[in-house]
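Participant: After the structure tokens below, expect a handful of questions from me.
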Amino acid sequence: MAGSALKRLMAEYKQLTLNPPEGIIAGPIDEENFFQWEALITGPEDTCFEGGVFPAQLTFPHDYPLSPPKMKFNCEMFHPNIYPDGRVCISILHAPGDDPMGYESSAERWSPVQSVEKILLSVVSMLAEPNDESAANVDAAKVWREDRDGFNKLAEKLVRKSLGLPQ
Amino acid sequence: MPTATIFEIKELFVQSRFPTGWQLLTVILYFPLGSVLALLRFFIGLHAFVVSCILPKMSTVRSIVLRCMCSVLGVIVTRDGTENQMKSARVLVCNHVTPLDHLAVDLVMANIMPSVWDIPELLNWALGYEDLGVKQGRDVLIKNAKKHCSESNVPILSYPEGASTSGKRGLLKFSTWPFSLEQPVQPVVITVRRLPLVAITPSPIGSRWWTDLMWFAFVPYTKFHLRILPVQVKENTESIDDFAVRVQHLMAQELHIVPTKHTSADKVEYVKRHFDTSDASPVPLRQKQKEQLLYMSDPLFNKCQQVKEVLPLVPIEIIRRDLANTRCVDETITNILEGRVTYTPELPATSKAQLSSWSTKTPTKDQKTMWATSSKDRMKSYQERKAEFIAEAKHKYMEKHGI
């Protein structure tokens, strides 16, 4: 199984290298271990995360693409759908049937036709439009809902931090 | 209570229909006689079937006529424990060992069985089945069964195990539906014996009901022994699950076998594994569509599947065509990725809108990124692109905010 996982990951890596989607760069940190990737995601324009470059880590299972990878941000994040420890909680990262929050429709679940690129694009749209109905970070969801200006200020700080700029 | 699941599921079944050693010799010697017997019994069997349909379900005459006929056919039914039989019990549960268990119980205690097949009503009735809506799900079944219990005095027979076993080692885990009808339950245990000289297994694992039936006609006789156990009632403090487990233990004890926790689904799984000798394809079943089944007999099938797994949106015909030339999975993947093979991507039904990455984008020439062949170069290139990516983002941000 690991053989076909490797082939598929190699194919996706090549695809992402030759045709990188805007604002995203991803690849294995060290090709000795092809199951551990790094991704840099730019905060989408006209959102509070605009311009920030957020590093994340993708861990692939050996039966990829049958099972989805796990994704975790390596930088400080404050977002309703990202756990305080950085883990990303979106439906595309869950196989149908595995539903930790009990809300997702199976249409947007993981299946072998999904790809790293689709996951990263989903994360970009998640940054643009948080889903506060299924909060992974309750505090962030609360601030997002009740104090949008406060949330935007916090996000701006994170953007600057991610770029290594004074806050 | 004895503890359950001490042995593997395979021990619950007999693998081979035929015995070994001297017993096989006697079977061979008996073969000509058995064949003639089987032929004769086929015609008598037809008559018995017609009679069973014509005579009213609960009559004594039917029961006597049928028992005689069945003895001629080699099915002998004996019973004990009649003092435990309660006329008002509407739910019978028994263990399942052969496809004829239902007939054997029917000869002693007329009953109906919930039908699990989509067959015409007339045939259902003739075979003693009744459509209780098994297909529509458990709730419908329970509702219909409850209704039947309150309206009719013909008891419902159920095999809570859900599948047959050899009846010699253990009982499968009981399904709870017969125990959730709010009715007293009459357990019946069945043991099957055949002449040791013609020791043919009544129902080995994976056999079809009609082959089992053929061997029934072949052997001199098959003796079903039914023991009727005292009626069990669910206690108030007991859950339905506990009630089912209690009856399972009671029946297992009576049969001197072990109540296990293996379910009928485990049996199905085991049969599948046991009989699937073809090499397993690594793709999950739901992905195999009809058109792909056509390629099953194809020598390139496995290779096609491997490519398909890596590039799920490429139609299988395209993969196959290229594989026919290259005969190499890696080469075909490279050909497709580098745009040497063109194709229209197959859209998964759910994510048409999301399609972006797997389309036939051919790399544009003026792009500065290249795909290096050595992993060292690729890693170097990645680090460079990464640094550039961050610097560019920083520059853009500073420009916009006037820093």
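Scheme for the structure tokens: letters A, B, ... for chains in order shown; per-chain residue numbers from 1; ligand numbers from 1 in order shown.
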If we count only C-alpha atoms, which residues of chain A reach to within 8 Å of chain B? Please list them as a PDB file with C-alpha atoms, in the first residue's frame.
Facilitator:
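For reference, result-v1.pdb as written:
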ATOM      1  CA  MET A   1       0.000   0.000   0.000  1.00  0.00           C
ATOM      2  CA  SER A   4       0.977   3.427  -4.241  1.00  0.00           C
ATOM      3  CA  ALA A   5       0.716   6.125  -1.574  1.00  0.00           C
ATOM      4  CA  LYS A   7       3.438   7.288  -6.163  1.00  0.00           C
ATOM      5  CA  ARG A   8       0.339   9.306  -5.615  1.00  0.00           C
ATOM      6  CA  ALA A  11       2.363  12.860  -8.559  1.00  0.00           C
ATOM      7  CA  LYS A  14       4.867  17.343  -9.063  1.00  0.00           C
ATOM      8  CA  GLN A  15       1.503  18.822  -9.928  1.00  0.00           C
ATOM      9  CA  THR A  17       5.303  22.302  -8.108  1.00  0.00           C
ATOM     10  CA  LEU A  18       4.606  22.790 -11.788  1.00  0.00           C
ATOM     11  CA  ASN A  19       1.172  24.380 -11.383  1.00  0.00           C
ATOM     12  CA  ILE A  25       3.275  26.266  -1.728  1.00  0.00           C
ATOM     13  CA  GLY A  27       5.960  19.770  -0.508  1.00  0.00           C
ATOM     14  CA  ILE A  29      10.032  18.742   4.200  1.00  0.00           C
ATOM     15  CA  ASP A  30      12.640  16.080   3.551  1.00  0.00           C
ATOM     16  CA  GLU A  31      12.157  13.599   0.723  1.00  0.00           C
ATOM     17  CA  THR A  42      -1.200  32.952   2.213  1.00  0.00           C
ATOM     18  CA  GLY A  51      -1.114  38.812   3.363  1.00  0.00           C
ATOM     19  CA  GLY A  52      -0.034  36.523   6.193  1.00  0.00           C
ATOM     20  CA  VAL A  53       2.013  33.430   5.365  1.00  0.00           C
ATOM     21  CA  PRO A  65      -5.256   8.343  -0.622  1.00  0.00           C
ATOM     22  CA  ALA A 107     -20.587  15.627   0.084  1.00  0.00           C
ATOM     23  CA  GLU A 108     -17.532  17.471   1.293  1.00  0.00           C
ATOM     24  CA  PRO A 112      -9.424   9.376  -2.949  1.00  0.00           C
ATOM     25  CA  VAL A 113     -10.514  11.859  -5.639  1.00  0.00           C
ATOM     26  CA  GLU A 117      -4.407  20.949  -3.433  1.00  0.00           C
ATOM     27  CA  LYS A 118      -8.114  20.711  -2.696  1.00  0.00           C
ATOM     28  CA  LEU A 163       5.780  37.693   8.335  1.00  0.00           C
TER      29      LEU A 163
END
Participant: If you run DSSP on this backbone, which residues of range 8-122 of chain A come out as alpha helix (DSSP H), and could you give them as an MDAnalysis selection string?
Facilitator: chainID A and resid 8:18 116:122
Participant: If you keep N, CA and C atoms, can you produce a file of those selected residues as an mmCIF file, in the first residue's frame?
Facilitator:
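Written file, result-v6.cif:
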data_model
loop_
_atom_site.group_PDB
_atom_site.id
_atom_site.type_symbol
_atom_site.label_atom_id
_atom_site.label_comp_id
_atom_site.auth_asym_id
_atom_site.auth_seq_id
_atom_site.Cartn_x
_atom_site.Cartn_y
_atom_site.Cartn_z
ATOM 1 N N ARG A 8 1.360 8.274 -5.551
ATOM 2 C CA ARG A 8 0.339 9.306 -5.615
ATOM 3 C C ARG A 8 0.869 10.627 -5.045
ATOM 4 N N LEU A 9 1.598 10.551 -3.919
ATOM 5 C CA LEU A 9 2.132 11.768 -3.316
ATOM 6 C C LEU A 9 3.140 12.438 -4.241
ATOM 7 N N MET A 10 3.950 11.602 -4.894
ATOM 8 C CA MET A 10 4.918 12.138 -5.828
ATOM 9 C C MET A 10 4.192 12.866 -6.954
ATOM 10 N N ALA A 11 3.125 12.246 -7.470
ATOM 11 C CA ALA A 11 2.363 12.860 -8.559
ATOM 12 C C ALA A 11 1.757 14.186 -8.111
ATOM 13 N N GLU A 12 1.253 14.215 -6.887
ATOM 14 C CA GLU A 12 0.637 15.454 -6.406
ATOM 15 C C GLU A 12 1.682 16.536 -6.180
ATOM 16 N N TYR A 13 2.852 16.099 -5.680
ATOM 17 C CA TYR A 13 3.923 17.053 -5.421
ATOM 18 C C TYR A 13 4.349 17.704 -6.736
ATOM 19 N N LYS A 14 4.458 16.840 -7.757
ATOM 20 C CA LYS A 14 4.867 17.343 -9.063
ATOM 21 C C LYS A 14 3.837 18.344 -9.588
ATOM 22 N N GLN A 15 2.595 17.965 -9.466
ATOM 23 C CA GLN A 15 1.503 18.822 -9.928
ATOM 24 C C GLN A 15 1.543 20.181 -9.219
ATOM 25 N N LEU A 16 1.755 20.132 -7.891
ATOM 26 C CA LEU A 16 1.772 21.371 -7.103
ATOM 27 C C LEU A 16 3.001 22.221 -7.417
ATOM 28 N N THR A 17 4.087 21.560 -7.790
ATOM 29 C CA THR A 17 5.303 22.302 -8.108
ATOM 30 C C THR A 17 5.181 22.991 -9.459
ATOM 31 N N LEU A 18 4.678 22.233 -10.438
ATOM 32 C CA LEU A 18 4.606 22.790 -11.788
ATOM 33 C C LEU A 18 3.444 23.759 -11.962
ATOM 34 N N VAL A 116 -4.255 17.019 -2.131
ATOM 35 C CA VAL A 116 -3.623 17.990 -1.236
ATOM 36 C C VAL A 116 -4.046 19.394 -1.648
ATOM 37 N N GLU A 117 -4.049 19.612 -2.961
ATOM 38 C CA GLU A 117 -4.407 20.949 -3.433
ATOM 39 C C GLU A 117 -5.816 21.334 -2.988
ATOM 40 N N LYS A 118 -6.742 20.382 -3.107
ATOM 41 C CA LYS A 118 -8.114 20.711 -2.696
ATOM 42 C C LYS A 118 -8.198 20.981 -1.201
ATOM 43 N N ILE A 119 -7.419 20.225 -0.434
ATOM 44 C CA ILE A 119 -7.411 20.473 1.015
ATOM 45 C C ILE A 119 -6.922 21.890 1.274
ATOM 46 N N LEU A 120 -5.804 22.260 0.623
ATOM 47 C CA LEU A 120 -5.218 23.578 0.891
ATOM 48 C C LEU A 120 -6.153 24.689 0.430
ATOM 49 N N LEU A 121 -6.835 24.455 -0.711
ATOM 50 C CA LEU A 121 -7.803 25.473 -1.159
ATOM 51 C C LEU A 121 -8.971 25.573 -0.180
ATOM 52 N N SER A 122 -9.377 24.425 0.377
ATOM 53 C CA SER A 122 -10.452 24.468 1.383
ATOM 54 C C SER A 122 -10.006 25.240 2.606
#
Participant: What lies within 7 Å of range 141-148 of chain A using only C-alpha atoms, ignoring chain neighbours under 4 positions off, as an mmCIF file with N, CA and C atoms, in the first residue's frame?
Facilitator:
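Heads up, here's the output in around-v8.cif:
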data_model
loop_
_atom_site.group_PDB
_atom_site.id
_atom_site.type_symbol
_atom_site.label_atom_id
_atom_site.label_comp_id
_atom_site.auth_asym_id
_atom_site.auth_seq_id
_atom_site.Cartn_x
_atom_site.Cartn_y
_atom_site.Cartn_z
ATOM 1 N N PRO A 80 -11.906 30.088 14.491
ATOM 2 C CA PRO A 80 -12.924 29.172 15.018
ATOM 3 C C PRO A 80 -12.723 27.711 14.615
ATOM 4 N N ASP A 132 -18.604 29.172 12.265
ATOM 5 C CA ASP A 132 -18.661 29.218 13.733
ATOM 6 C C ASP A 132 -19.707 28.263 14.310
ATOM 7 N N ALA A 135 -17.358 24.922 16.151
ATOM 8 C CA ALA A 135 -16.104 25.528 16.563
ATOM 9 C C ALA A 135 -15.139 24.524 17.144
ATOM 10 N N ASN A 137 -12.203 25.972 18.167
ATOM 11 C CA ASN A 137 -11.684 26.898 19.178
ATOM 12 C C ASN A 137 -12.861 27.790 19.610
ATOM 13 N N ASN A 152 -10.606 40.946 14.065
ATOM 14 C CA ASN A 152 -9.772 41.439 12.972
ATOM 15 C C ASN A 152 -8.435 41.953 13.479
#
Participant: Can you measure CA of Leu6 in chain A to CA of Leu66 in chain A for me? One decimal in Å is fine.
Facilitator: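 Computing the Euclidean distance for CA of Leu6 in chain A and CA of Leu66 in chain A yields 12.5 Å.
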Participant: Have a look at A:Ser67, A:Asn74, A:Thr47, A:Thr59 and name the one nearest to Val124 in chain A; count only C-alpha atoms.
Facilitator: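 Among the listed residues, the smallest separation from Val124 in chain A belongs to A:Thr47.
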Participant: Considering only C-alpha atoms, can you say which of A:Gly86, A:Pro28, A:Pro69, A:Gly43 comes closest to Ala56 in chain A?
Facilitator: A:Gly86
Participant: Counting only C-alpha atoms, figure out which residue out of A:Ala140, A:Met71, A:Leu154, A:Val159 gets nearest to Trp37 in chain A.
Facilitator: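 Nearest to Trp37 in chain A: A:Met71.
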